[in-house]
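Novice: Dropping the structure in here first, questions after.
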Amino acid sequence: MQQEQYRDAIDEFTKAIDLDAKSAEAYSLRGEVYGKQQNYIQAFADFERALTLAPNHTATYFLRGMLRYDRNEMNMAIEDFTRVVQLDSTNKNAYFHRAKVHIFLNNYADAIADYAKVIAIDPYYADIFYLQAKAKALTNDERGAIADLTEAIRQHPEMAKYYKERGFVYTLIQDHQKARVDFDKAVELDPTLMAEIDEIKELFL
């Protein structure tokens with residue numbers, strides 16, 4: 001069924017291109033669908049055609065970056081996401097996905113910098129505080145991680161994973177009392193975490 005939908009979408013974008021051979025958007029969107037079909041030669045050809053027609057087409061750089069990320073072409077994905085933010089410094093999705101690439105490459109400082117850009121654009125994006133906290137913990141910035149997780153909890157106090165992560169960071173600085181409080185709250189909110197948290201307690205508390 002999904003493949004049939006992809007074929008239908010390609011047919012529609014091809015018709016759009018037949019009507020307007022200079023439509024960078026149509027080439028870009030068709031390239032995205034080819035990518036979902038894993039027809040990478042056609043996908044990259046369409047992205048290249050779109051950028052030839054519109055060299056500053058941010059959507060094409062973003063979609064190509066996403067496809068390169070999916071193909072583990074991480075350095076090239078960074079290049080595309082970087083081009084997006086050069087053209088549009090408010091594009092939080094490009095910063096977010098570039099941060100994901102940096103995490104994959106263990107470039108935690110660069111990931112933190114990109115998460116900070118997302119937060120500057122959208123300070124009410126609790127999950128970014130959560131992800132930034134995890135990266136900070138990996139760079140031994142436990143206090144910064146706790147501050148980020150506290151903000152995530154302030155925004156969404158119903159999210160068990162925020163308490164669990166903050167509890168874990170508290171164990172790293174040997175604040176066992178606060179760790180237990182957070183672990184208990186996480187289990188209260190999501191009892192399915194009990195086994196995982198019990199393992200953490202056995203190891204760290």
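All residue names refer to the structure tokens as shown: chains lettered A, B, ... in order, residues numbered from 1 in each chain, ligands numbered from 1 in order.
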So that I can check the surroundings of Ala99 in chain A, please list as a list in words every protein, DNA and RNA residue that reaches within 9 Å of it, counting only C-alpha atoms and ignoring chain neighbours fewer than 4 positions away.
Specialist: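 Here the answer would be Ile78, Ala94, Tyr95, Ile103, Phe104, Asn107, Tyr108, Asp110, Ala111, Ile112, Ala113, Asp114 and Tyr115 of chain A.
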Novice: Which neighbours of Asp190 in chain A fall inside 8 Å, counting only C-alpha atoms, when residues of the same chain fewer than 4 positions from it are skipped, and could you give them as number ranges by chain?
Specialist: A: 160, 186, 194
Novice: Mind checking which residues fall within 12 Å of range 168-180 of chain A, counting only C-alpha atoms, ignoring those fewer than 5 positions away in the same chain, and posting them as an mmCIF file with C-alpha atoms, in the first residue's frame?
Specialist:
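What ended up in part_24.cif:
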```
data_model
loop_
_atom_site.group_PDB
_atom_site.id
_atom_site.type_symbol
_atom_site.label_atom_id
_atom_site.label_comp_id
_atom_site.auth_asym_id
_atom_site.auth_seq_id
_atom_site.Cartn_x
_atom_site.Cartn_y
_atom_site.Cartn_z
ATOM 1 C CA TYR A 130 16.166 16.824 27.785
ATOM 2 C CA ALA A 133 20.991 17.551 29.238
ATOM 3 C CA LYS A 134 21.981 14.074 28.037
ATOM 4 C CA ALA A 135 24.743 15.613 25.919
ATOM 5 C CA LYS A 136 25.940 17.762 28.812
ATOM 6 C CA ALA A 137 26.103 14.729 31.077
ATOM 7 C CA LEU A 138 28.369 13.086 28.515
ATOM 8 C CA THR A 139 30.722 16.082 28.743
ATOM 9 C CA ASN A 140 30.797 15.933 32.559
ATOM 10 C CA ASP A 141 28.636 19.036 32.902
ATOM 11 C CA GLU A 142 26.293 17.463 35.426
ATOM 12 C CA ARG A 143 25.131 20.780 36.892
ATOM 13 C CA GLY A 144 24.199 22.025 33.445
ATOM 14 C CA ALA A 145 22.377 18.791 32.736
ATOM 15 C CA ILE A 146 20.391 19.075 35.973
ATOM 16 C CA ALA A 147 19.428 22.661 35.136
ATOM 17 C CA ASP A 148 18.186 21.598 31.693
ATOM 18 C CA LEU A 149 16.208 18.674 33.089
ATOM 19 C CA THR A 150 14.686 20.893 35.760
ATOM 20 C CA LYS A 161 11.724 10.132 31.480
ATOM 21 C CA TYR A 162 12.788 13.614 32.609
ATOM 22 C CA TYR A 163 12.734 12.559 36.267
ATOM 23 C CA LYS A 185 8.538 10.120 40.863
ATOM 24 C CA ALA A 186 9.458 8.534 37.532
ATOM 25 C CA VAL A 187 8.018 5.183 38.622
ATOM 26 C CA GLU A 196 15.080 -0.286 34.672
ATOM 27 C CA ILE A 197 15.276 2.097 37.614
ATOM 28 C CA ASP A 198 15.826 -0.777 40.056
ATOM 29 C CA GLU A 199 18.859 -1.778 37.983
ATOM 30 C CA ILE A 200 20.199 1.784 38.117
ATOM 31 C CA LYS A 201 19.684 1.864 41.883
ATOM 32 C CA GLU A 202 21.588 -1.402 42.316
ATOM 33 C CA LEU A 203 24.516 -0.023 40.350
ATOM 34 C CA PHE A 204 24.699 3.537 41.643
ATOM 35 C CA LEU A 205 22.861 3.850 44.975
#
```
Novice: Give me the residues within 10 Å of Asn75 in chain A as a tab-separated table (two decimals) with C-alpha atoms, in the first residue's frame, counting only C-alpha atoms and dropping any in the same chain fewer than 6 places off.
Specialist:
```
chain	number	residue	atom	x	y	z
A	65	GLY	CA	20.50	16.26	4.47
A	68	ARG	CA	22.20	11.57	3.75
A	69	TYR	CA	21.63	11.09	7.48
A	98	ARG	CA	22.51	18.67	12.75
A	101	VAL	CA	24.44	14.02	13.52
A	102	HIS	CA	26.90	15.52	15.98
A	105	LEU	CA	29.71	11.39	15.68
```
Novice: Which one is closest to Asn91 in chain A: A:Asp182, A:Glu73, A:Asp122, A:Asp8? Count only C-alpha atoms.
Specialist: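 The answer is A:Asp122, which sits nearest to Asn91 in chain A.
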Novice: Leaving out Gln42 in chain A and any residue of its chain fewer than 6 positions from it, which residues lie within 8 Å of it when counting only C-alpha atoms, given as a PyMOL selection string?
Specialist: chain A and resi 31+34-35
Novice: Those residues with N, CA and C atoms, as a PDB file, in the first residue's frame please?
Specialist:
```pdb
ATOM      1  N   GLY A  31      12.094  14.123  -5.277  1.00  0.00           N
ATOM      2  CA  GLY A  31      13.322  13.535  -4.751  1.00  0.00           C
ATOM      3  C   GLY A  31      13.112  12.922  -3.381  1.00  0.00           C
ATOM      4  N   TYR A  34      11.392   9.597  -3.910  1.00  0.00           N
ATOM      5  CA  TYR A  34      12.346   8.608  -4.413  1.00  0.00           C
ATOM      6  C   TYR A  34      13.238   8.099  -3.276  1.00  0.00           C
ATOM      7  N   GLY A  35      13.623   9.011  -2.393  1.00  0.00           N
ATOM      8  CA  GLY A  35      14.440   8.607  -1.255  1.00  0.00           C
ATOM      9  C   GLY A  35      13.722   7.609  -0.371  1.00  0.00           C
TER      10      GLY A  35
END
```
Novice: Name the residues of range 88-130 of chain A that come out as alpha helix (DSSP H) in a backbone DSSP run; write them as a ChimeraX atom specification.
Specialist: /A:92-104,108-121,126-130
Novice: In Å, with one decimal, what is the gap from CA of Val181 in chain A to CA of Met159 in chain A?
Specialist: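 We find that CA of Val181 in chain A and CA of Met159 in chain A lie 14.7 Å from each other.
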Novice: Could you please determine the separation between CA of Ala152 in chain A and CA of Met74 in chain A in Å, to one decimal place?
Specialist: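 The value is 28.5 Å.
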Novice: Show which residues sit within 8 Å of Ile119 in chain A, as a VMD selection string. Count only C-alpha atoms, and ignore same-chain residues fewer than 5 positions away.
Specialist: chain A and resid 124 to 125 128 to 129
